[in-house]
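A.B. asks: There's a structure below that I have some questions on.
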Amino acid sequence: MPTGPVWSQKLRAEIGKAVIGQDAVIERLLVALLANGHVLLEGMPGLAKTLLIRSVGTALGVDFERIQFTPDLLPSDVVGTMIFQPKNGEFSPHRGPIFANLVLADEINRAPAKVQSALLEAMQERQVTIGGATHPLPKPFFVMATQNPVEQEGTYPLPEAQTDRFLFKLLVDYPSAEEESTMMQRWGQVTHQPELAAVSSGAELLALRTEVDRVHVAPALQAYILALVRGTRALAESSAGSPKRYLTFGASPRASLALYQAGRALAWLRGEDFVSPAHIQDLAPDVLRHRIGLTYEAEAEEVTADKLVAQVIAQIPVPAK
C-alpha cells in the first residue's frame with residue numbers, strides 16, 4: 001500500500017505529461033478522490049479544465065465519460081432510458097454515460113433543470129432511476145464539472161441544493177508566462193502529443209480510503225471546524241438589516257463534513273497522521289466559497305466569497321496544539 005506522498009507523486013508525474021502547472025488544483029482533485037467528493041471547476045475558456053479532468057481519469061485507471069451539457073440535453077441523455085427490443089417485445093434499460101467511475105460534466109451550467117435534478121440524484125445517492133427501477137452506480141464514482149464564469153447566454157445558474165453537493169469549488173487561474181511558454185513548445189508539436197498511462201486503479205483508491213480514515217482529528221480541531229462553519233452563519237445573521245449586508249445565508253452542515261473529510265485526506269496525502277489547523281485553513285476557501293450566499297451589495301462592492309471566508313478565519317481563535 002503506497003503512502004500519501006508516493007501515491008500523489010506518481011499521479012502528479014503522469015498528469016504532468018499533459019497538464020502544465022495547476023499544482024494546487026491537482027492536489028485538490030486528489031483530495032476529493034480520497035474523500036469521495038465531487039468537484040466543480042470554474043475558470044475562463046482555454047485553461048485546460050477538461051484536459052485536466054480527463055488526465056486524472058486516465059492516470060487513475062478508471063472508466064471515464066464526458067458529457068457535454070447543452071440547453072437541449074434531456075435527463076435520458078445522461079442517465080439512460082428504456083429501449084424497446086423487437087425480438088422479445090419487451091423494454092430493457094439502456095445505461096447512459098453516467099455509469100462510469102469518473103464523469104466529466106462539461107459546462108454544467110448549460111444544463112436545464114430536469115437534467116440537473118437527474119444528476120443531483122446520481123451525485124448524492126450514487127444511484128439513478130430508469131423506468132422505475134433503481135440502478136447503483138459503479139464504485140468509485142465521481143462527478144467533476146466545469147463551468148464558464150463569464151458567459152451567461154444559454155446558461156442555467158446551478159441551484160444552491162446542487163452546488164452544496166460539490167465537495168470543492170476550485171477556481172482555475174491563468175498560467176504563468178513560463179508555463180504558457182512551455183505549453184507552446186509541447187503542444188505545438190502535433191506529432192508528439194503526450195500519451196498517459198494508468199498508474200493507479202479504482203480498487204487501489206478504495207483501499208487507500210481506509211488509510212485516510214486512520215488520520216486523527218483531535219476534538220479541539222473538530223470544534224474549530226464547527227466554529228468556522230457556524231461563523232459564516234453568524235456573519236449572515238449579524239448583518240441582517242444592516243445597510244451593508246454581505247451574506248444572505250451561511251454554510252450548511254455539509255460544509256462541516258466536507259472540511260472534516262477533506263482535512264484527513266489532505267493530511268494523509270502530505271504524509272501526516274493528524275489534521276492540523278493549517279490543513280483546515282488551507283481547505284476552507286475551496287469548501288465554503290460555493291456554500292455561502294452573497295448579496296447584491298457584496299457583488300456591487302466586489303466583496304468576494306473568499307474575502308468573507310478569510311474574515312471568518314481571522315475571527316475564529318486557532319486551537320492550541
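Numbering starts fresh at 1 for the residues of each chain in the C-alpha cells, the chains themselves are lettered A, B, ... in the order given, and ligands are numbered from 1 as they appear.
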Determine, counting only C-alpha atoms, which protein, DNA and RNA residues have an atom within 12 Å of an atom of Ala227 (chain A); residues of the same chain fewer than 5 positions away are not included. Present the result as a PyMOL selection string.
C.D. replies: chain A and resi 220-222+232-235+251+253+255-256+259+280+284+312-319
A.B. asks: I'd like to know which residues of region 143-183 of chain A are alpha helix (DSSP H) (by DSSP, run on the backbone); could you write them as a PDB file with C-alpha atoms, in the first residue's frame?
C.D. replies:
```pdb
ATOM      1  CA  GLU A 160     -27.826  26.025  -4.069  1.00  0.00           C
ATOM      2  CA  ALA A 161     -29.085  22.476  -3.467  1.00  0.00           C
ATOM      3  CA  GLN A 162     -26.805  21.206  -6.223  1.00  0.00           C
ATOM      4  CA  THR A 163     -23.715  23.319  -5.591  1.00  0.00           C
ATOM      5  CA  ALA A 177       4.384  33.196 -18.510  1.00  0.00           C
ATOM      6  CA  GLU A 178       6.898  30.371 -18.119  1.00  0.00           C
ATOM      7  CA  GLU A 179       4.176  27.713 -18.027  1.00  0.00           C
ATOM      8  CA  GLU A 180       2.442  29.207 -21.067  1.00  0.00           C
ATOM      9  CA  SER A 181       5.741  29.201 -22.956  1.00  0.00           C
ATOM     10  CA  THR A 182       6.200  25.517 -22.119  1.00  0.00           C
ATOM     11  CA  MET A 183       2.687  24.817 -23.410  1.00  0.00           C
TER      12      MET A 183
END
```
A.B. asks: Restrict the calculation to only C-alpha atoms, then for each residue of region 239-314 of chain A with any atom at most 8 Å from an atom of region 30-41 of chain A give the closest atom pair and their distance in Å to one decimal, rows by chain and rising residue number, as JSON lines.
C.D. replies:
```
{"residue": "A:Gln261", "atom": "CA", "partner": "A:Ala35", "partner_atom": "CA", "distance": 5.7}
{"residue": "A:Ala262", "atom": "CA", "partner": "A:Ala35", "partner_atom": "CA", "distance": 5.7}
{"residue": "A:Ala265", "atom": "CA", "partner": "A:Val31", "partner_atom": "CA", "distance": 5.4}
{"residue": "A:Leu266", "atom": "CA", "partner": "A:Val31", "partner_atom": "CA", "distance": 5.7}
{"residue": "A:Leu269", "atom": "CA", "partner": "A:Val31", "partner_atom": "CA", "distance": 7.4}
```
A.B. asks: I'd like the contact shell of Leu51 (chain A) - 8 Å cut-off, only C-alpha atoms, skipping same-chain residues fewer than 4 positions apart - returned as an mmCIF file with C-alpha atoms, in the first residue's frame.
C.D. replies:
```
data_model
loop_
_atom_site.group_PDB
_atom_site.id
_atom_site.type_symbol
_atom_site.label_atom_id
_atom_site.label_comp_id
_atom_site.auth_asym_id
_atom_site.auth_seq_id
_atom_site.Cartn_x
_atom_site.Cartn_y
_atom_site.Cartn_z
ATOM 1 C CA ALA A 18 -0.376 16.506 -20.332
ATOM 2 C CA VAL A 19 -1.116 19.343 -17.904
ATOM 3 C CA SER A 55 -5.864 13.233 -17.477
#
```
A.B. asks: Find the residue from A:Leu74, A:Pro157, A:Phe99, A:Pro93 that sits nearest to Val115 (chain A); use only C-alpha atoms when measuring.
C.D. replies: A:Leu74
A.B. asks: Can you tell me how far CA of Glu65 (chain A) sits from CA of Pro194 (chain A), in Å to one decimal?
C.D. replies: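 Distance between the two atoms: 19.9 Å.
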A.B. asks: Write out, as a Markdown table, each residue of region 212-250 of chain A that has an atom at most 6 Å from region 290-298 of chain A, together with the closest pair of atoms and their distance in Å to one decimal, counting only C-alpha atoms, rows going by chain and rising number.
C.D. replies:
```
| residue | atom | partner | partner_atom | distance |
| --- | --- | --- | --- | --- |
| A:Tyr246 | CA | A:Ala298 | CA | 4.8 |
| A:Leu247 | CA | A:Leu294 | CA | 4.8 |
| A:Thr248 | CA | A:Gly293 | CA | 5.2 |
| A:Phe249 | CA | A:Gly293 | CA | 5.3 |
| A:Gly250 | CA | A:Ile292 | CA | 4.8 |
```
A.B. asks: With C-alpha atoms retained, write the just-selected residues as a tab-separated table (two decimals), in the first residue's frame.
C.D. replies:
```tsv
chain	number	residue	atom	x	y	z
A	246	TYR	CA	-22.85	40.83	2.52
A	247	LEU	CA	-24.28	37.35	3.20
A	248	THR	CA	-27.82	36.06	2.83
A	249	PHE	CA	-27.02	32.65	4.34
A	250	GLY	CA	-24.07	30.75	5.75
```
A.B. asks: Write out as a list in words the residues lying within 8 Å of His216 (chain A), counting only C-alpha atoms and excluding same-chain residues fewer than 5 positions away.
C.D. replies: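 Contacts, with the query itself left out: Arg264, Asp273, Phe274 and Val275 of chain A.
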A.B. asks: Give the strand (DSSP E or B) residues of region 116-265 of chain A, as DSSP finds them on the backbone, and put them as JSON, numbers by chain.
C.D. replies: {"A": [127, 128, 129, 130, 133, 134, 135, 136, 142, 143, 144, 145, 146, 147, 166, 167, 168, 169, 170, 171, 172, 216, 247, 248, 249]}
A.B. asks: Which residue gives the smallest distance to Tyr260 (chain A) among A:Arg230, A:Tyr174, A:Leu167, A:Ile20, with only C-alpha atoms counted?
C.D. replies: A:Leu167
A.B. asks: Which residue out of A:Ala118, A:Ser176, A:Ile225, A:Glu237 has the minimum interatomic distance to His279 (chain A) when only C-alpha atoms are used?
C.D. replies: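 The answer is A:Ile225, which sits nearest to His279 (chain A).
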A.B. asks: Just want the 12 Å neighbourhood of Gln9 (chain A), counted on only C-alpha atoms, with same-chain residues fewer than 4 positions away dropped. Output as a ChimeraX atom specification.
C.D. replies: /A:2-5,13-16,23,26-27,30,59,199-200,269-271
A.B. asks: Hey, which of A:Pro75, A:Gly263, A:Gly43, A:Gly231 ends up closest to Gln311 (chain A)? Count only C-alpha atoms.
C.D. replies: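 Looking at the shortest contact to Gln311 (chain A), the residue is A:Gly231.
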